[in-house]
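One structure is given below, encoded as structure tokens.
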Amino acid sequence: MKTRAAIAWKAGEPLSIAEVDLEGPRAGEVLVEIKATGICHTDYYTLSGADPEGLFPAILGHEGAGIVLETGTGVTSVRRDDHVIPLYTPECRQCKFCLSRKTNLCQAIRATQGRGLMPDGSSRFSFDGRPLYHYMGTSTFSNYIVVPEIALAKIRADAPFDKACYIGCGVTTGVGAVVFSARVEPGANVVVFGLGGIGLNVIQGAKMVGAGRIIGVDLNPGRIEIARRFGMTDFVNPNEVGNLVDHIVQMTDGGADYAFECIGNVGVMRQALECCHKGWGQSFIIGVAAAGQEIATRPFQLVTGRQWKGSAFGGARGRTDVPTIVDWYMDGKINIDDLITHTLPLERINDGFALMKSGQSIRSVVLY
Ligand code: NAD
Ligand code: AHE
Ligand code: ZN
């Protein structure tokens, strides 16, 4: 079949909209009509050329929601007309990682996913007979996609696609980091570095679990109002204080119980560790840093009890936890609507990237 898609032909170049050929689902695979997709900073990161796994030409996008159109042989967990969110972190429930119960990082198809291919080593997308790479196993910048069954979370049918799509990455990453990765306890002091599409979800996750002080750090004062609305109790602009780490340690009577880096800046990652409380403070890296970047700190920071951790997809097990997060949204426990500042047709997807880069948008959503 044909599908309308935004193709990333080359790093650093705008996406181009075209009719692409899409092969139908093979065994264990599912054809999904994508109704809406968010644009995440990670799409921009890969398009920029900084992602060591970035491949071109590819169809990017990993924050979508849609409807099952057709299932390949052997598919049992979803059927035609089911509403679904594609998962860049699948959940096979059989691999060593899934069975460990210690991580959400299912590895069943991670190797081929990182090579832009379906689990059988081929691509379902082509243009003029030339294969196009899949991206993060999802490629939601295409109106129709084929994905493995284990990479689909079935969600309730009354959740609107234009909001539910954001649960495919940003909402789950931010809220999940608090709830599943850090398990922040009521009353704890939380510091969030970067108040964008991820950081604001960390803030609302912290509020949801009853955190005490919720301190937001950003260079963009335009983020203050929305962050306060989502639960931030204090704001710090790094340009307006002397030593940022000392400042936060003073504000929190010795340091943060939990810190989250939601930028992808290795210098800030160091600050996010060092502002943590001696003896127990935990710092979670969420931001994705470019190829070649490395983190550093004095080992003494860890010797004295601070912990450096990371969180991918909020520690959520996609097929199990994503439907619950959709319920949280539908029950009014989390706010998605106010974070979606722009909606665009696919033809204007490059404007969505420009809005993100300029700091004007929190999340742009493309509607098919
Ligand atoms: P975004 O562009 O919406 O937000 C980034 C925010 O950081 C902006 O508000 C910006 O003003 C602020 N900022 C930039 N430099 C800063 C600095 N030096 N100090 C303080 N604030 C600064 O991006 P996003 O969509 O929220 O994504 C954030 C990061 O999270 C990206 O690196 C993205 O790739 C990553 N990410 C990781 C996961 C995961 O599973 N680990 C999932 C999604 C996104
Ligand atoms: N290819 C990138 C990986 C970047 C990365 O860490 N991605 C996150 C999700 S970001 C979503 O917006 C992730 O899930 N990581 C775990 C994994 O297995 O990729 C790079 O930098 O190499
Ligand atoms: Zn993302």
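How things are named: the first chain in the structure tokens is A, the next is B, and so on; residues count from 1 in each chain; ligands count from 1 in the order shown.
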Environment of ligand 3 within 7 Å, counting only C-alpha atoms and all ligand atoms, reported as a PyMOL selection string: chain A and resi 40-43+62-63+169-170
Kindly export the residues of the current selection with C-alpha atoms, as a PDB file, in the first residue's frame.
ATOM      1  CA  CYS A  40      10.029  14.857  20.658  1.00  0.00           C
ATOM      2  CA  HIS A  41      13.462  16.381  21.138  1.00  0.00           C
ATOM      3  CA  THR A  42      14.912  12.944  20.395  1.00  0.00           C
ATOM      4  CA  ASP A  43      13.562  13.130  16.818  1.00  0.00           C
ATOM      5  CA  HIS A  62       8.177   7.629  18.008  1.00  0.00           C
ATOM      6  CA  GLU A  63       5.299   9.316  19.882  1.00  0.00           C
ATOM      7  CA  CYS A 169       7.027   9.067  24.852  1.00  0.00           C
ATOM      8  CA  GLY A 170       7.045  12.387  26.752  1.00  0.00           C
TER       9      GLY A 170
END
Test item: residues no farther than 6 Å from ligand 2, counting only C-alpha atoms and all ligand atoms, as a ChimeraX atom specification: /A:42,51-53,288,312-313
Those residues you just picked out, can you put them in a file as a tab-separated table (two decimals), in the first residue's frame with N, CA and C atoms?
chain	number	residue	atom	x	y	z
A	42	THR	N	14.06	14.03	20.89
A	42	THR	CA	14.91	12.94	20.40
A	42	THR	C	14.82	12.81	18.87
A	51	ASP	N	23.12	11.41	16.69
A	51	ASP	CA	22.76	10.09	17.23
A	51	ASP	C	23.63	9.02	16.57
A	52	PRO	N	24.44	8.30	17.36
A	52	PRO	CA	25.29	7.27	16.75
A	52	PRO	C	24.48	6.17	16.06
A	53	GLU	N	23.20	6.03	16.42
A	53	GLU	CA	22.36	5.04	15.74
A	53	GLU	C	21.53	5.67	14.62
A	288	VAL	N	19.19	12.89	26.59
A	288	VAL	CA	20.05	12.10	25.70
A	288	VAL	C	21.16	13.01	25.18
A	312	ALA	N	14.90	5.26	31.08
A	312	ALA	CA	14.43	5.25	29.68
A	312	ALA	C	12.95	4.92	29.67
A	313	PHE	N	12.19	5.69	28.89
A	313	PHE	CA	10.74	5.53	28.81
A	313	PHE	C	10.14	5.46	30.22
Residue neighbourhood Ile198 (chain A), 9 Å, only C-alpha atoms, exclusion window fewer than 5 positions, as a ChimeraX atom specification: /A:40,169-175,203,262-263,286-287,362
Who sits within 10 Å of Arg228 (chain A), only C-alpha atoms, same chain under 4 positions skipped, as a list in words: Leu200, Ile203, Gln204, Ile214, Ile215, Gly216, Arg223, Ile224, Met232, Thr233, Asp234 and Phe235 of chain A
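For region 291-306 of chain A, the non-local neighbours within 10 Å, defined as residues at least 6 positions apart in the same chain or in other chains and counting only C-alpha atoms, are Gly49, Ala50, Asp51, Pro52, Glu53, Ala256, Asp257, Tyr258, Gly264, Asn265, Val266, Gly267, Val268, Met269, Arg270, Gln271, Leu273, Glu274, Cys275, Cys276, His277, Lys278, Gly279, Trp280, Gly281, Gln282 and Ser283 of chain A.
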I need the alpha helix (DSSP H) residues of region 35-182 of chain A per DSSP on the backbone, written as a list in words.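 Filtering region 35-182 of chain A to alpha helix (DSSP H) leaves His41, Thr42, Asp43, Tyr44, Tyr45, Thr46, Leu47, Ser48, Lys96, Phe97, Cys98, Leu99, Ser100, Arg110, Ala111, Thr112, Gln113, Gly114, Phe161, Asp162, Lys163, Ala164, Gly170, Val171, Thr172, Thr173, Gly174, Val175 and Gly176 of chain A.
Using only C-alpha atoms and all ligand atoms for every distance, the candidate list A:Leu152, A:Val236, A:Ala259, A:Cys92 yields A:Val236 as the residue closest to ligand 1.
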Give me the residues within 8 Å of Leu55 (chain A) as a PyMOL selection string, counting only C-alpha atoms and dropping any in the same chain fewer than 4 places off. chain A and resi 115-116+133
Selected residues written out, C-alpha atoms, as an mmCIF file, in the first residue's frame:
data_model
loop_
_atom_site.group_PDB
_atom_site.id
_atom_site.type_symbol
_atom_site.label_atom_id
_atom_site.label_comp_id
_atom_site.auth_asym_id
_atom_site.auth_seq_id
_atom_site.Cartn_x
_atom_site.Cartn_y
_atom_site.Cartn_z
ATOM 1 C CA ARG A 115 19.597 -0.892 12.737
ATOM 2 C CA GLY A 116 16.346 0.612 11.458
ATOM 3 C CA TYR A 133 14.912 2.772 7.433
#
List as a PyMOL selection string the protein and nucleic acid residues near Leu47 (chain A), meaning an atom at most 12 Å away when only C-alpha atoms are counted, but skip any in the same chain fewer than 4 places from it. chain A and resi 6-15+39-43+51-61+135+290+350+353
Just the selected residues (N, CA and C atoms), exported as a JSON list (two decimals), in the first residue's frame, please.
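Okay, this is what ended up in result_2.json:
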[["chain", "number", "residue", "atom", "x", "y", "z"],
["A", 6, "ALA", "N", 6.76, 11.62, 6.29],
["A", 6, "ALA", "CA", 7.82, 12.63, 6.25],
["A", 6, "ALA", "C", 9.15, 11.87, 6.23],
["A", 7, "ILE", "N", 9.92, 12.05, 5.18],
["A", 7, "ILE", "CA", 11.18, 11.30, 5.04],
["A", 7, "ILE", "C", 12.35, 12.18, 5.46],
["A", 8, "ALA", "N", 13.23, 11.60, 6.29],
["A", 8, "ALA", "CA", 14.50, 12.26, 6.63],
["A", 8, "ALA", "C", 15.54, 11.68, 5.68],
["A", 9, "TRP", "N", 15.85, 12.42, 4.62],
["A", 9, "TRP", "CA", 16.79, 11.90, 3.62],
["A", 9, "TRP", "C", 18.23, 12.00, 4.10],
["A", 10, "LYS", "N", 18.51, 13.08, 4.83],
["A", 10, "LYS", "CA", 19.91, 13.36, 5.21],
["A", 10, "LYS", "C", 19.94, 14.08, 6.55],
["A", 11, "ALA", "N", 20.98, 13.85, 7.34],
["A", 11, "ALA", "CA", 21.12, 14.55, 8.62],
["A", 11, "ALA", "C", 21.14, 16.06, 8.39],
["A", 12, "GLY", "N", 20.42, 16.76, 9.27],
["A", 12, "GLY", "CA", 20.48, 18.22, 9.25],
["A", 12, "GLY", "C", 19.60, 18.87, 8.21],
["A", 13, "GLU", "N", 18.90, 18.07, 7.40],
["A", 13, "GLU", "CA", 18.04, 18.65, 6.36],
["A", 13, "GLU", "C", 16.57, 18.54, 6.77],
["A", 14, "PRO", "N", 15.73, 19.47, 6.32],
["A", 14, "PRO", "CA", 14.30, 19.35, 6.66],
["A", 14, "PRO", "C", 13.71, 18.05, 6.13],
["A", 15, "LEU", "N", 12.63, 17.60, 6.75],
["A", 15, "LEU", "CA", 11.95, 16.39, 6.29],
["A", 15, "LEU", "C", 11.19, 16.71, 5.01],
["A", 39, "ILE", "N", 6.09, 15.46, 18.36],
["A", 39, "ILE", "CA", 7.48, 15.65, 17.93],
["A", 39, "ILE", "C", 8.31, 15.81, 19.19],
["A", 40, "CYS", "N", 9.22, 14.88, 19.43],
["A", 40, "CYS", "CA", 10.03, 14.86, 20.66],
["A", 40, "CYS", "C", 11.42, 15.39, 20.33],
["A", 41, "HIS", "N", 12.10, 15.88, 21.34],
["A", 41, "HIS", "CA", 13.46, 16.38, 21.14],
["A", 41, "HIS", "C", 14.37, 15.29, 20.57],
["A", 42, "THR", "N", 14.06, 14.03, 20.89],
["A", 42, "THR", "CA", 14.91, 12.94, 20.40],
["A", 42, "THR", "C", 14.82, 12.81, 18.87],
["A", 43, "ASP", "N", 13.66, 13.13, 18.29],
["A", 43, "ASP", "CA", 13.56, 13.13, 16.82],
["A", 43, "ASP", "C", 14.52, 14.18, 16.24],
["A", 51, "ASP", "N", 23.12, 11.41, 16.69],
["A", 51, "ASP", "CA", 22.76, 10.09, 17.23],
["A", 51, "ASP", "C", 23.63, 9.02, 16.57],
["A", 52, "PRO", "N", 24.44, 8.30, 17.36],
["A", 52, "PRO", "CA", 25.29, 7.27, 16.75],
["A", 52, "PRO", "C", 24.48, 6.17, 16.06],
["A", 53, "GLU", "N", 23.20, 6.03, 16.42],
["A", 53, "GLU", "CA", 22.36, 5.04, 15.74],
["A", 53, "GLU", "C", 21.53, 5.67, 14.62],
["A", 54, "GLY", "N", 21.73, 6.94, 14.34],
["A", 54, "GLY", "CA", 20.94, 7.63, 13.32],
["A", 54, "GLY", "C", 21.27, 7.09, 11.92],
["A", 55, "LEU", "N", 20.23, 6.70, 11.19],
["A", 55, "LEU", "CA", 20.41, 6.15, 9.85],
["A", 55, "LEU", "C", 19.55, 6.95, 8.88],
["A", 56, "PHE", "N", 20.03, 7.09, 7.65],
["A", 56, "PHE", "CA", 19.29, 7.85, 6.64],
["A", 56, "PHE", "C", 19.37, 7.09, 5.31],
["A", 57, "PRO", "N", 18.32, 7.15, 4.49],
["A", 57, "PRO", "CA", 17.05, 7.82, 4.72],
["A", 57, "PRO", "C", 16.15, 7.00, 5.63],
["A", 58, "ALA", "N", 15.41, 7.73, 6.47],
["A", 58, "ALA", "CA", 14.57, 7.05, 7.46],
["A", 58, "ALA", "C", 13.26, 7.81, 7.64],
["A", 59, "ILE", "N", 12.30, 7.12, 8.25],
["A", 59, "ILE", "CA", 11.06, 7.78, 8.67],
["A", 59, "ILE", "C", 11.11, 7.84, 10.19],
["A", 60, "LEU", "N", 11.30, 9.06, 10.71],
["A", 60, "LEU", "CA", 11.44, 9.27, 12.15],
["A", 60, "LEU", "C", 10.06, 9.25, 12.83],
["A", 61, "GLY", "N", 10.05, 9.63, 14.13],
["A", 61, "GLY", "CA", 8.79, 9.69, 14.89],
["A", 61, "GLY", "C", 8.64, 8.48, 15.79],
["A", 135, "TYR", "N", 12.52, 3.76, 12.33],
["A", 135, "TYR", "CA", 13.19, 4.51, 13.40],
["A", 135, "TYR", "C", 12.58, 4.14, 14.75],
["A", 290, "ALA", "N", 24.71, 13.82, 22.97],
["A", 290, "ALA", "CA", 25.21, 13.48, 21.63],
["A", 290, "ALA", "C", 26.36, 12.48, 21.68],
["A", 350, "ASN", "N", 7.97, 20.38, 9.64],
["A", 350, "ASN", "CA", 9.24, 21.10, 9.87],
["A", 350, "ASN", "C", 9.03, 22.33, 10.74],
["A", 353, "PHE", "N", 9.40, 21.28, 14.30],
["A", 353, "PHE", "CA", 10.80, 21.23, 14.75],
["A", 353, "PHE", "C", 11.32, 22.63, 15.06]]
Pick the closest to ligand 1 from A:Ser311, A:Ser139, A:Ser48, A:Ser126: which is it, counting only C-alpha atoms and all ligand atoms?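 So, comparing all the options, the nearest one is A:Ser311.
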